[in-house]
$ cat target_3.cif   # mmCIF, C-alpha atoms and all ligand atoms
data_entry
loop_
_atom_site.group_PDB
_atom_site.id
_atom_site.type_symbol
_atom_site.label_atom_id
_atom_site.label_comp_id
_atom_site.auth_asym_id
_atom_site.auth_seq_id
_atom_site.Cartn_x
_atom_site.Cartn_y
_atom_site.Cartn_z
ATOM 1 C CA MET X 1 129.776 271.533 5.316
ATOM 2 C CA PRO X 2 129.808 274.464 2.894
ATOM 3 C CA VAL X 3 128.436 277.648 4.318
ATOM 4 C CA THR X 4 126.651 280.369 2.396
ATOM 5 C CA LEU X 5 128.324 283.614 3.321
ATOM 6 C CA THR X 6 126.920 286.165 0.962
ATOM 7 C CA ALA X 7 123.302 285.249 0.209
ATOM 8 C CA SER X 8 120.885 287.978 1.181
ATOM 9 C CA HIS X 9 117.504 286.573 0.239
ATOM 10 C CA PRO X 10 114.810 286.485 2.925
ATOM 11 C CA VAL X 11 115.128 283.897 5.659
ATOM 12 C CA PRO X 12 112.406 281.242 5.711
ATOM 13 C CA VAL X 13 111.815 281.576 9.428
ATOM 14 C CA PRO X 14 108.411 280.049 10.171
ATOM 15 C CA PRO X 15 109.056 276.461 8.976
ATOM 16 C CA LEU X 16 112.230 276.254 11.034
ATOM 17 C CA VAL X 17 110.915 277.567 14.338
ATOM 18 C CA GLY X 18 110.571 274.669 16.720
ATOM 19 C CA VAL X 19 113.370 272.662 15.100
ATOM 20 C CA VAL X 20 116.037 274.507 17.072
ATOM 21 C CA SER X 21 115.532 276.563 20.215
ATOM 22 C CA VAL X 22 117.794 279.590 20.445
ATOM 23 C CA SER X 23 117.273 279.444 24.227
ATOM 24 C CA ASP X 24 119.353 276.282 24.174
ATOM 25 C CA LEU X 25 122.279 278.037 22.505
ATOM 26 C CA SER X 26 124.953 279.963 24.377
ATOM 27 C CA ASN X 27 126.033 283.350 23.124
ATOM 28 C CA ARG X 28 129.018 281.807 21.345
ATOM 29 C CA GLU X 29 126.788 279.179 19.788
ATOM 30 C CA ARG X 30 124.408 281.884 18.610
ATOM 31 C CA ALA X 31 127.371 283.600 16.938
ATOM 32 C CA VAL X 32 128.399 280.376 15.183
ATOM 33 C CA ALA X 33 124.831 279.913 13.936
ATOM 34 C CA LEU X 34 124.744 283.502 12.648
ATOM 35 C CA TYR X 35 128.041 282.980 10.845
ATOM 36 C CA ALA X 36 126.508 280.013 8.984
ATOM 37 C CA SER X 37 123.236 281.824 8.240
ATOM 38 C CA ASP X 38 122.202 284.165 5.450
ATOM 39 C CA MET X 39 122.855 287.178 7.694
ATOM 40 C CA PRO X 40 124.636 289.723 5.489
ATOM 41 C CA THR X 41 128.139 290.406 6.779
ATOM 42 C CA ARG X 42 127.384 294.129 6.645
ATOM 43 C CA PHE X 43 124.242 293.706 8.729
ATOM 44 C CA VAL X 44 123.877 296.150 11.607
ATOM 45 C CA MET X 45 121.315 295.153 14.194
ATOM 46 C CA ARG X 46 118.792 297.806 15.116
ATOM 47 C CA GLY X 47 116.223 297.618 17.838
ATOM 48 C CA SER X 48 113.388 296.267 15.734
ATOM 49 C CA GLU X 49 115.376 293.540 14.009
ATOM 50 C CA GLN X 50 115.564 290.994 16.777
ATOM 51 C CA ALA X 51 113.112 288.701 14.991
ATOM 52 C CA ARG X 52 115.301 288.667 11.877
ATOM 53 C CA VAL X 53 118.374 287.856 13.924
ATOM 54 C CA HIS X 54 116.468 285.154 15.775
ATOM 55 C CA GLY X 55 115.474 283.675 12.414
ATOM 56 C CA TRP X 56 119.070 283.673 11.189
ATOM 57 C CA MET X 57 120.217 281.947 14.355
ATOM 58 C CA ILE X 58 117.716 279.166 13.774
ATOM 59 C CA GLN X 59 118.606 278.988 10.105
ATOM 60 C CA GLY X 60 122.333 278.686 10.794
ATOM 61 C CA ALA X 61 121.823 276.128 13.556
ATOM 62 C CA VAL X 62 119.622 274.011 11.279
ATOM 63 C CA ARG X 63 122.167 274.303 8.492
ATOM 64 C CA LEU X 64 125.076 273.146 10.632
ATOM 65 C CA GLY X 65 123.206 270.855 13.000
ATOM 66 C CA VAL X 66 123.077 271.655 16.701
ATOM 67 C CA ARG X 67 125.903 269.292 17.624
ATOM 68 C CA GLU X 68 128.218 270.965 15.131
ATOM 69 C CA VAL X 69 127.196 274.379 16.472
ATOM 70 C CA HIS X 70 128.144 273.203 19.977
ATOM 71 C CA ARG X 71 131.473 271.802 18.760
ATOM 72 C CA LEU X 72 132.471 274.839 16.699
ATOM 73 C CA ALA X 73 131.579 277.229 19.521
ATOM 74 C CA ALA X 74 133.526 275.182 22.079
ATOM 75 C CA VAL X 75 136.705 274.969 20.010
ATOM 76 C CA ALA X 76 136.453 278.627 18.959
ATOM 77 C CA TYR X 77 136.142 279.560 22.652
ATOM 78 C CA GLY X 78 139.106 277.335 23.551
ATOM 79 C CA TYR X 79 141.149 278.889 20.778
ATOM 80 C CA ARG X 80 140.245 282.392 21.935
ATOM 81 C CA LEU X 81 141.443 281.649 25.462
ATOM 82 C CA LEU X 82 144.725 280.187 24.231
ATOM 83 C CA TRP X 83 145.239 283.032 21.774
ATOM 84 C CA LEU X 84 144.648 285.679 24.454
ATOM 85 C CA ALA X 85 147.249 283.967 26.632
ATOM 86 C CA ASP X 86 149.655 283.799 23.689
ATOM 87 C CA LEU X 87 149.560 280.001 23.901
ATOM 88 C CA ALA X 88 147.883 279.085 20.603
ATOM 89 C CA THR X 89 149.965 276.874 18.342
ATOM 90 C CA ALA X 90 150.324 277.518 14.611
ATOM 91 C CA GLU X 91 148.227 274.401 13.988
ATOM 92 C CA GLN X 92 145.426 275.715 16.207
ATOM 93 C CA THR X 93 145.526 279.076 14.436
ATOM 94 C CA ARG X 94 145.272 277.348 11.061
ATOM 95 C CA ALA X 95 142.333 275.270 12.294
ATOM 96 C CA GLN X 96 140.546 278.405 13.516
ATOM 97 C CA HIS X 97 141.007 280.087 10.129
ATOM 98 C CA LEU X 98 139.646 276.993 8.398
ATOM 99 C CA ARG X 99 136.613 276.979 10.686
ATOM 100 C CA PHE X 100 135.902 280.668 10.182
ATOM 101 C CA PRO X 101 137.718 281.839 7.041
ATOM 102 C CA ASN X 102 135.967 285.211 7.055
ATOM 103 C CA ALA X 103 137.250 286.837 10.253
ATOM 104 C CA SER X 104 135.227 290.035 9.846
ATOM 105 C CA ARG X 105 132.056 287.980 9.402
ATOM 106 C CA PHE X 106 132.837 286.003 12.545
ATOM 107 C CA SER X 107 133.419 289.249 14.411
ATOM 108 C CA LYS X 108 130.095 290.607 13.120
ATOM 109 C CA ALA X 109 128.356 287.373 14.133
ATOM 110 C CA GLU X 110 129.808 287.665 17.660
ATOM 111 C CA THR X 111 128.786 291.308 17.997
ATOM 112 C CA THR X 112 125.291 290.630 16.695
ATOM 113 C CA ALA X 113 124.821 287.598 18.949
ATOM 114 C CA THR X 114 125.866 289.647 21.974
ATOM 115 C CA LEU X 115 123.530 292.520 21.072
ATOM 116 C CA PHE X 116 120.712 290.024 20.581
ATOM 117 C CA THR X 117 121.411 288.308 23.898
ATOM 118 C CA VAL X 118 121.581 291.609 25.777
ATOM 119 C CA ARG X 119 118.577 293.230 24.126
ATOM 120 C CA THR X 120 116.091 290.382 24.164
ATOM 121 C CA ASP X 121 114.660 288.747 27.248
ATOM 122 C CA LEU X 122 114.929 285.351 25.592
ATOM 123 C CA ARG X 123 116.187 283.082 28.339
ATOM 124 C CA MET X 124 119.332 280.980 27.993
ATOM 125 C CA SER X 125 119.232 277.437 29.350
ATOM 126 C CA GLN X 126 121.635 276.501 32.123
ATOM 127 C CA ALA X 127 123.029 273.708 29.932
ATOM 128 C CA ALA X 128 123.924 276.288 27.288
ATOM 129 C CA LYS X 129 125.601 278.506 29.892
ATOM 130 C CA ASP X 130 127.520 275.533 31.259
ATOM 131 C CA ARG X 131 129.075 274.352 27.988
ATOM 132 C CA GLY X 132 132.705 275.329 28.232
ATOM 133 C CA PRO X 133 135.726 275.690 25.974
ATOM 134 C CA ARG X 134 137.536 272.838 24.272
ATOM 135 C CA VAL X 135 140.879 272.492 22.564
ATOM 136 C CA GLU X 136 140.916 270.842 19.184
ATOM 137 C CA GLY X 137 143.978 268.702 18.630
ATOM 138 C CA GLY X 138 146.891 268.799 21.034
ATOM 139 C CA CYS X 139 146.990 271.382 23.792
ATOM 140 C CA LEU X 140 150.411 272.596 24.900
ATOM 141 C CA CYS X 141 149.544 271.385 28.403
ATOM 142 C CA ALA X 142 148.924 267.846 27.077
ATOM 143 C CA GLY X 143 145.876 267.687 29.319
ATOM 144 C CA THR X 144 147.856 268.246 32.530
ATOM 145 C CA GLY X 145 146.593 271.785 33.004
ATOM 146 C CA TRP X 146 150.132 273.150 33.183
ATOM 147 C CA ILE X 147 152.387 274.477 30.473
ATOM 148 C CA ALA X 148 156.124 274.589 31.022
ATOM 149 C CA GLU X 149 157.571 277.961 30.254
ATOM 150 C CA SER X 150 161.149 279.045 30.204
ATOM 151 C CA GLY X 151 161.366 282.738 31.117
ATOM 152 C CA ASP X 152 164.944 282.923 29.907
ATOM 153 C CA PRO X 153 166.024 280.183 27.496
ATOM 154 C CA GLY X 154 169.636 280.627 28.627
ATOM 155 C CA ASP X 155 168.818 280.209 32.306
ATOM 156 C CA PRO X 156 167.129 276.916 33.277
ATOM 157 C CA THR X 157 166.472 278.214 36.798
ATOM 158 C CA MET X 158 163.963 280.645 35.263
ATOM 159 C CA ALA X 159 161.765 277.786 34.004
ATOM 160 C CA GLY X 160 158.304 277.686 35.465
ATOM 161 C CA TYR X 161 154.738 276.717 34.739
ATOM 162 C CA ILE X 162 151.685 278.610 33.701
ATOM 163 C CA SER X 163 148.190 277.236 34.053
ATOM 164 C CA CYS X 164 146.369 276.322 30.851
ATOM 165 C CA PRO X 165 143.500 278.799 30.313
ATOM 166 C CA VAL X 166 141.297 276.029 28.888
ATOM 167 C CA ASP X 167 142.140 272.931 30.922
ATOM 168 C CA ASN X 168 143.032 274.685 34.159
ATOM 169 C CA PRO X 169 141.457 278.158 34.092
ATOM 170 C CA ARG X 170 141.692 278.705 37.852
ATOM 171 C CA GLY X 171 145.212 277.342 38.146
ATOM 172 C CA THR X 172 143.976 274.793 40.651
ATOM 173 C CA ALA X 173 144.593 271.520 38.790
ATOM 174 C CA LEU X 174 146.608 268.949 40.677
ATOM 175 C CA PRO X 175 150.274 269.386 39.844
ATOM 176 C CA GLN X 176 150.712 266.514 37.404
ATOM 177 C CA ARG X 177 153.336 268.635 35.826
ATOM 178 C CA PRO X 178 155.099 267.912 32.569
ATOM 179 C CA ALA X 179 158.884 267.777 32.466
ATOM 180 C CA VAL X 180 160.616 271.138 32.430
ATOM 181 C CA ILE X 181 161.714 272.192 28.990
ATOM 182 C CA ALA X 182 165.356 273.023 29.529
HETATM 183 ZN ZN ZN N 201 145.485 272.722 27.958
#
$ encode --input "target_3.cif" --output "structure tokens" --more "lines below"
Ligand SMILES: [Zn+2]
Amino acid sequence: MPVTLTASHPVPVPPLVGVVSVSDLSNRERAVALYASDMPTRFVMRGSEQARVHGWMIQGAVRLGVREVHRLAAVAYGYRLLWLADLATAEQTRAQHLRFPNASRFSKAETTATLFTVRTDLRMSQAAKDRGPRVEGGCLCAGTGWIAESGDPGDPTMAGYISCPVDNPRGTALPQRPAVIA
């Protein structure tokens, strides 16, 4: 779905309130909704602008549809975890850039969502808190929770496994380990 990134006209908040509840969106989902909203990329949230931000969150969530907001936030979170662990594939990086082509806008949306979440006493539903990360496409662990890693390509005895940060974040998955990459 095309997303308006630069529009700055006023947000039609009242008709949309009640369609989507921001309480049912996690912080990451709130960021995704802001990214898709009319929030100007240069917007800087000040103390009195929580209502505007709330309106943009609803606007973006209505624009994308709540299910798409959930999906985008989950795969963006999964990508972030893989990227931080230096485990993201080129395909996953491409997919992330396609999802959020304007990286500075996504960063602004994340910052604004966090400020909103911290500064308002709007509750967050347990279901929203519980929605976790997802990997779009193939994960290097192939769903086993373990990724084979060769510490020294010339020395097979250095091969080991690292736990997948998305599918096995605590490193406690049963050892259905993939074959060692020699
Ligand atoms: Zn994985």
$ resolve_selection --input "target_3.cif" --expression "the PyMOL selection byres (((chain X and resi 77) around 12) and not hetatm)" --output "count of residues only"
32
$ atom_distance --input "target_3.cif" --atom1 "atom CA of Arg42 of chain X" --atom2 "atom CA of Thr120 of chain X"
21.2 Å
$ resolve_selection --input "target_3.cif" --expression "the PyMOL selection byres (((not hetatm)) within 9 of (chain N and resi 201))" --output "PyMOL selection string"
chain X and resi 82+134-135+138-147+163-168
$ atom_distance --input "target_3.cif" --atom1 "atom CA of Trp56 of chain X" --atom2 "atom CA of Ser37 of chain X"
5.4 Å
$ closest_residue --input "target_3.cif" --among "X:Asp121, X:Asp38, X:Asp130, X:Asp24" --to "Arg63 of chain X" --atoms "only C-alpha atoms"
X:Asp38
$ axis_aligned_box --input "target_3.cif" --around "segment 46-62 of chain X" --padding-each-side "3 Å" --output "AutoDock Vina command-line options"
--center_x 117.7 --center_y 285.9 --center_z 14.0 --size_x 15.2 --size_y 29.8 --size_z 13.7
$ atom_distance --input "target_3.cif" --atom1 "atom CA of Arg30 of chain X" --atom2 "atom CA of Leu122 of chain X"
12.3 Å
$ resolve_selection --input "target_3.cif" --expression "the PyMOL selection byres (((chain X and resi 58-61) around 6) and not hetatm)" --output "ChimeraX atom specification"
/X:20,33-34,36-37,55-57,62-66
$ closest_residue --input "target_3.cif" --among "X:Pro169, X:Glu149, X:Leu115, X:Gln126" --to "Gln50 of chain X" --atoms "only C-alpha atoms"
X:Leu115
$ closest_residue --input "target_3.cif" --among "X:Lys129, X:Arg170, X:Arg99, X:Arg119" --to "His54 of chain X" --atoms "all atoms listed in the file"
X:Arg119
$ build_atoms --input "target_3.cif" --residues "segment 88-102 of chain X" --atoms "N, CA and C atoms" --output "CSV table (one decimal), in the frame of the given file"
chain,number,residue,atom,x,y,z
X,88,ALA,N,148.4,279.8,21.7
X,88,ALA,CA,147.9,279.1,20.6
X,88,ALA,C,149.0,278.6,19.7
X,89,THR,N,148.9,277.4,19.3
X,89,THR,CA,150.0,276.9,18.3
X,89,THR,C,149.6,277.3,16.9
X,90,ALA,N,150.6,277.2,16.0
X,90,ALA,CA,150.3,277.5,14.6
X,90,ALA,C,149.2,276.6,14.1
X,91,GLU,N,149.2,275.4,14.5
X,91,GLU,CA,148.2,274.4,14.0
X,91,GLU,C,146.8,274.8,14.5
X,92,GLN,N,146.7,275.3,15.7
X,92,GLN,CA,145.4,275.7,16.2
X,92,GLN,C,145.0,277.0,15.5
X,93,THR,N,145.9,277.9,15.2
X,93,THR,CA,145.5,279.1,14.4
X,93,THR,C,145.0,278.7,13.0
X,94,ARG,N,145.7,277.8,12.4
X,94,ARG,CA,145.3,277.3,11.1
X,94,ARG,C,143.9,276.8,11.1
X,95,ALA,N,143.6,275.9,12.2
X,95,ALA,CA,142.3,275.3,12.3
X,95,ALA,C,141.2,276.3,12.5
X,96,GLN,N,141.5,277.3,13.3
X,96,GLN,CA,140.5,278.4,13.5
X,96,GLN,C,140.2,279.1,12.2
X,97,HIS,N,141.2,279.4,11.4
X,97,HIS,CA,141.0,280.1,10.1
X,97,HIS,C,140.2,279.2,9.2
X,98,LEU,N,140.4,277.9,9.2
X,98,LEU,CA,139.6,277.0,8.4
X,98,LEU,C,138.2,276.9,8.8
X,99,ARG,N,138.0,277.0,10.2
X,99,ARG,CA,136.6,277.0,10.7
X,99,ARG,C,135.9,278.2,10.3
X,100,PHE,N,136.5,279.4,10.4
X,100,PHE,CA,135.9,280.7,10.2
X,100,PHE,C,136.8,281.5,9.3
X,101,PRO,N,136.8,281.2,8.0
X,101,PRO,CA,137.7,281.8,7.0
X,101,PRO,C,137.5,283.3,6.9
X,102,ASN,N,136.3,283.8,7.2
X,102,ASN,CA,136.0,285.2,7.1
X,102,ASN,C,135.9,285.8,8.5
